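Asks: Mind looking over this structure? Questions follow.
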Amino acid sequence: MSSLSTEPRIHVLLYTFNKADELGQTLASLRKTDYDNYKVFLLNNGSTDHTSKILDALPQKMFPGMEIINLPVNIGAPAARNWLLALPEHETCEYIAYFDDDIRVEPDWLKKMLAALKENPQAGVVGAKILNIGKPKTIQHSGGILTKSEDWIDNVAIWTSVTDNGQFDNVSERDYLMGCANLYRIDAIRDVGDFDLQFSPTQFDDVDHHLRMRLKGWKVLFHGGVEVLHTRKSGGPHNHNHIANRYKLQNKYTKRMAGQIISQGAVVDFLKKHPWAKEQNG
């Protein structure tokens, strides 16, 4: 993690709330990242469990130069993302990675994501294949693709809770991704702007951000070769935040806006790389 490296500078942004044990495992996983030139910024979002003890016990050599921000209250996920993004140190970096507090990654996750963005200059963000913990491997999220502008939120091609047989192990376009492990091009995230605070405290702020990116003309990439294990303790289809924010998202994007996103062709790209696929509406 040297600033003298010839590799592009990447800042990894992580916020956490009351997941001390998961956070410890996440940081241990992140520490194995096979990339030199990155720096970690961690926001403790008003945690009331033993998160502070976990952070105080971290050896300095684990993440050299790591910056920790401790807030007295939980300001919600979108505001935490924005707080981290607003730090002036990012003027020195070329890419921003958002990293959840309850995931595990393989050491090459960052190199693979960076390579995908370099190979696709119109892509503003790339995300991973999200897996449930356990065997056999099952897919928690593989990105979503809008298929109809009418009632668009009920017409999204999405594949979840299916066995992972390698059927998604390539790089292809999506309209949005799950936000727990994303790498952004810095000029793209600046172009799109902050995460929308109306999606506080959590849920769908990442989806909204990616849809706005699509409307700006940026591509959103799914990288099936990057596997992320995710415990997913903060949401779900029956969670009240999920239900409320899904409704907000549905009313934020008009039929015209959804049609504009669809016209950019993620469905065509996806079906070329997955000719076996049939839509699973989500």
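Numbering starts fresh at 1 for the residues of each chain in the structure tokens, the chains themselves are lettered A, B, ... in the order given, and ligands are numbered from 1 as they appear.
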Run DSSP on the backbone and tell me which residues of region 155-259 of chain A come out as helix (DSSP H, G or I); list them as a PyMOL selection string.

Replies: chain A and resi 186-192+197-199+205-215+240-252+255-259

Asks: Give me the residues near Glu106 (chain A) as a list of chain:residue names, where near means some atom within 12 Å (using only C-alpha atoms) and where sequence neighbours in that chain fewer than 2 positions away do not count.

Replies: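 Final neighbour list, sorted by chain and number: A:Thr26, A:Ala28, A:Ser29, A:Leu30, A:Arg31, A:Lys32, A:Thr33, A:Asp34, A:Tyr35, A:Ile103, A:Arg104, A:Asp108, A:Trp109, A:Leu110, A:Lys111, A:Lys112, A:Met113, A:Ala128, A:Lys129, A:Ala181, A:Gly225, A:Val226, A:Glu227, A:Val228, A:Leu229.
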
Asks: Can you pull out the residues contacting Val207 (chain A)? Cut-off 8 Å, using only C-alpha atoms, and skip same-chain residues under 6 positions away; I want them as a PDB file with N, CA and C atoms, in the first residue's frame.

Replies:
ATOM      1  N   TYR A 176     -27.936  -2.049 -12.720  1.00  0.00           N
ATOM      2  CA  TYR A 176     -27.520  -1.752 -11.355  1.00  0.00           C
ATOM      3  C   TYR A 176     -26.916  -3.001 -10.726  1.00  0.00           C
ATOM      4  N   LEU A 177     -26.199  -2.777  -9.629  1.00  0.00           N
ATOM      5  CA  LEU A 177     -25.502  -3.840  -8.922  1.00  0.00           C
ATOM      6  C   LEU A 177     -25.826  -3.754  -7.440  1.00  0.00           C
ATOM      7  N   MET A 178     -25.503  -4.797  -6.716  1.00  0.00           N
ATOM      8  CA  MET A 178     -25.543  -4.723  -5.262  1.00  0.00           C
ATOM      9  C   MET A 178     -24.292  -3.973  -4.808  1.00  0.00           C
ATOM     10  N   GLY A 179     -24.453  -3.035  -3.888  1.00  0.00           N
ATOM     11  CA  GLY A 179     -23.386  -2.088  -3.602  1.00  0.00           C
ATOM     12  C   GLY A 179     -22.363  -2.501  -2.574  1.00  0.00           C
TER      13      GLY A 179
END

Asks: When you look at Cys180 (chain A) with a cut-off of 7 Å (counting only C-alpha atoms), what residues show up, excluding the ones that are within fewer than 6 positions of it in the same chain? I need them as a list in words.

Replies: Tyr98, Phe99 and Asp100 of chain A

Asks: In terms of the shortest atom-to-atom distance over only C-alpha atoms, which of A:Phe195, A:Leu27, A:Asn37, A:Thr138 is closest to Thr6 (chain A)?

Replies: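 Counting only C-alpha atoms, the residue closest to Thr6 (chain A) is A:Asn37.
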
Asks: How many Å separate CA of Leu249 (chain A) from CA of Val162 (chain A)?

Replies: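 Straight-line distance from CA of Leu249 (chain A) to CA of Val162 (chain A) works out to 25.5 Å.
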
Asks: Just to confirm, what's the straight-line distance from CA of Thr147 (chain A) to CA of Ile243 (chain A) in Å (one decimal)?

Replies: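 CA of Ile243 (chain A) lies at a distance of 21.2 Å from CA of Thr147 (chain A).
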
Asks: One decimal, Å: what's the distance from CA of Lys148 (chain A) over to CA of Gln264 (chain A), could you say?

Replies: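 Result for CA of Lys148 (chain A) versus CA of Gln264 (chain A): 12.7 Å, one decimal.
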
Asks: Which one of A:Leu71, A:Met62, A:Ile153, A:Ala79 sits closest to Asp194 (chain A) if you count only C-alpha atoms?

Replies: A:Ala79

Asks: So which residues of region 7-215 of chain A fall under strand (DSSP E or B) by DSSP, listed as a count of residues only?

Replies: 60

Asks: With only C-alpha atoms as the counted atoms, please give the residues lying no more than 10 Å from Asn165 (chain A), apart from itself and same-chain residues fewer than 2 positions off, as a ChimeraX atom specification.

Replies: /A:136-139,162-163,167-169

Asks: Now that the selection is made, can you save its residues with all heavy atoms as a short mmCIF file (atom, residue, chain, number, x, y, z; two decimals), in the first residue's frame?

Replies:
data_model
loop_
_atom_site.label_atom_id
_atom_site.label_comp_id
_atom_site.auth_asym_id
_atom_site.auth_seq_id
_atom_site.Cartn_x
_atom_site.Cartn_y
_atom_site.Cartn_z
N PRO A 136 -24.09 -25.81 -1.16
CA PRO A 136 -23.41 -25.37 -2.37
C PRO A 136 -23.47 -23.85 -2.54
O PRO A 136 -24.30 -23.19 -1.91
CB PRO A 136 -24.17 -26.08 -3.49
CG PRO A 136 -25.55 -26.23 -2.94
CD PRO A 136 -25.35 -26.52 -1.47
N LYS A 137 -22.60 -23.33 -3.38
CA LYS A 137 -22.58 -21.89 -3.59
C LYS A 137 -23.88 -21.44 -4.25
O LYS A 137 -24.29 -21.99 -5.27
CB LYS A 137 -21.40 -21.48 -4.48
CG LYS A 137 -20.04 -21.64 -3.85
CD LYS A 137 -18.95 -20.87 -4.61
CE LYS A 137 -18.84 -21.31 -6.04
NZ LYS A 137 -17.73 -20.60 -6.75
N THR A 138 -24.52 -20.46 -3.66
CA THR A 138 -25.73 -19.89 -4.24
C THR A 138 -25.55 -18.38 -4.42
O THR A 138 -24.88 -17.73 -3.62
CB THR A 138 -26.97 -20.15 -3.38
OG1 THR A 138 -26.75 -19.64 -2.06
CG2 THR A 138 -27.27 -21.64 -3.31
N ILE A 139 -26.16 -17.87 -5.47
CA ILE A 139 -26.02 -16.46 -5.81
C ILE A 139 -27.02 -15.61 -5.03
O ILE A 139 -28.23 -15.85 -5.08
CB ILE A 139 -26.20 -16.25 -7.32
CG1 ILE A 139 -25.07 -16.95 -8.08
CG2 ILE A 139 -26.24 -14.77 -7.67
CD1 ILE A 139 -25.23 -16.95 -9.57
N VAL A 162 -30.05 -18.86 -6.84
CA VAL A 162 -29.82 -19.99 -7.74
C VAL A 162 -28.41 -20.51 -7.48
O VAL A 162 -27.52 -19.79 -7.05
CB VAL A 162 -29.97 -19.58 -9.22
CG1 VAL A 162 -31.39 -19.16 -9.52
CG2 VAL A 162 -29.00 -18.48 -9.59
N THR A 163 -28.20 -21.80 -7.76
CA THR A 163 -26.88 -22.39 -7.57
C THR A 163 -25.88 -21.76 -8.52
O THR A 163 -26.17 -21.56 -9.70
CB THR A 163 -26.95 -23.91 -7.80
OG1 THR A 163 -27.90 -24.47 -6.89
CG2 THR A 163 -25.59 -24.56 -7.56
N GLN A 167 -22.21 -19.94 -14.37
CA GLN A 167 -22.96 -19.41 -15.51
C GLN A 167 -22.82 -17.89 -15.65
O GLN A 167 -23.13 -17.34 -16.70
CB GLN A 167 -24.44 -19.81 -15.41
CG GLN A 167 -25.23 -19.20 -14.26
CD GLN A 167 -25.19 -20.03 -13.01
OE1 GLN A 167 -24.14 -20.49 -12.59
NE2 GLN A 167 -26.35 -20.21 -12.36
N PHE A 168 -22.35 -17.21 -14.60
CA PHE A 168 -22.18 -15.76 -14.67
C PHE A 168 -20.73 -15.34 -14.62
O PHE A 168 -20.42 -14.19 -14.34
CB PHE A 168 -22.94 -15.10 -13.51
CG PHE A 168 -24.43 -15.27 -13.58
CD1 PHE A 168 -25.07 -16.18 -12.77
CD2 PHE A 168 -25.18 -14.52 -14.47
CE1 PHE A 168 -26.44 -16.35 -12.83
CE2 PHE A 168 -26.55 -14.68 -14.54
CZ PHE A 168 -27.18 -15.60 -13.72
N ASP A 169 -19.82 -16.26 -14.88
CA ASP A 169 -18.40 -15.97 -14.71
C ASP A 169 -17.82 -15.23 -15.91
O ASP A 169 -16.92 -15.71 -16.61
CB ASP A 169 -17.62 -17.25 -14.43
CG ASP A 169 -17.90 -17.80 -13.05
OD1 ASP A 169 -18.66 -17.16 -12.31
OD2 ASP A 169 -17.35 -18.86 -12.71
#

Asks: Which residues come within 9 Å of Ile68 (chain A), counting only C-alpha atoms, excluding same-chain residues fewer than 4 positions away, as a list in words?

Replies: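 Contacts, with the query itself left out: Val40, Phe41, Leu42, Leu43, Asn44 and Leu55 of chain A.
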
Asks: Hey, can you spit out that residue selection with N, CA, C and O atoms as a PDB file, in the first residue's frame?

Replies:
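Produced file selection.pdb, reproduced below:
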ATOM      1  N   VAL A  40      -7.256   2.698   3.179  1.00  0.00           N
ATOM      2  CA  VAL A  40      -8.567   2.398   3.739  1.00  0.00           C
ATOM      3  C   VAL A  40      -9.054   3.580   4.587  1.00  0.00           C
ATOM      4  O   VAL A  40      -8.318   4.114   5.422  1.00  0.00           O
ATOM      5  N   PHE A  41     -10.313   3.950   4.353  1.00  0.00           N
ATOM      6  CA  PHE A  41     -10.993   4.959   5.166  1.00  0.00           C
ATOM      7  C   PHE A  41     -12.220   4.287   5.779  1.00  0.00           C
ATOM      8  O   PHE A  41     -13.073   3.771   5.059  1.00  0.00           O
ATOM      9  N   LEU A  42     -12.331   4.302   7.100  1.00  0.00           N
ATOM     10  CA  LEU A  42     -13.410   3.585   7.784  1.00  0.00           C
ATOM     11  C   LEU A  42     -14.198   4.544   8.658  1.00  0.00           C
ATOM     12  O   LEU A  42     -13.627   5.260   9.480  1.00  0.00           O
ATOM     13  N   LEU A  43     -15.510   4.530   8.480  1.00  0.00           N
ATOM     14  CA  LEU A  43     -16.406   5.364   9.284  1.00  0.00           C
ATOM     15  C   LEU A  43     -17.212   4.474  10.219  1.00  0.00           C
ATOM     16  O   LEU A  43     -17.978   3.617   9.770  1.00  0.00           O
ATOM     17  N   ASN A  44     -17.023   4.669  11.523  1.00  0.00           N
ATOM     18  CA  ASN A  44     -17.805   3.972  12.541  1.00  0.00           C
ATOM     19  C   ASN A  44     -19.072   4.785  12.763  1.00  0.00           C
ATOM     20  O   ASN A  44     -19.059   5.848  13.383  1.00  0.00           O
ATOM     21  N   LEU A  55     -11.664  -1.773  16.564  1.00  0.00           N
ATOM     22  CA  LEU A  55     -10.869  -0.788  15.835  1.00  0.00           C
ATOM     23  C   LEU A  55      -9.644  -0.354  16.632  1.00  0.00           C
ATOM     24  O   LEU A  55      -8.553  -0.174  16.081  1.00  0.00           O
TER      25      LEU A  55
END

Asks: Measuring between only C-alpha atoms, which one of A:Ala244, A:Ile189, A:Leu131, A:Leu117 shows the shortest distance to Leu221 (chain A)?

Replies: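 Under the stated criterion, the closest residue is A:Leu117.
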
Asks: Of the residues A:His90, A:Lys61, A:Arg174, A:Lys118, which is the one nearest to His11 (chain A), using only C-alpha atoms?

Replies: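 Looking only at the distances to His11 (chain A), the closest residue turns out to be A:His90.
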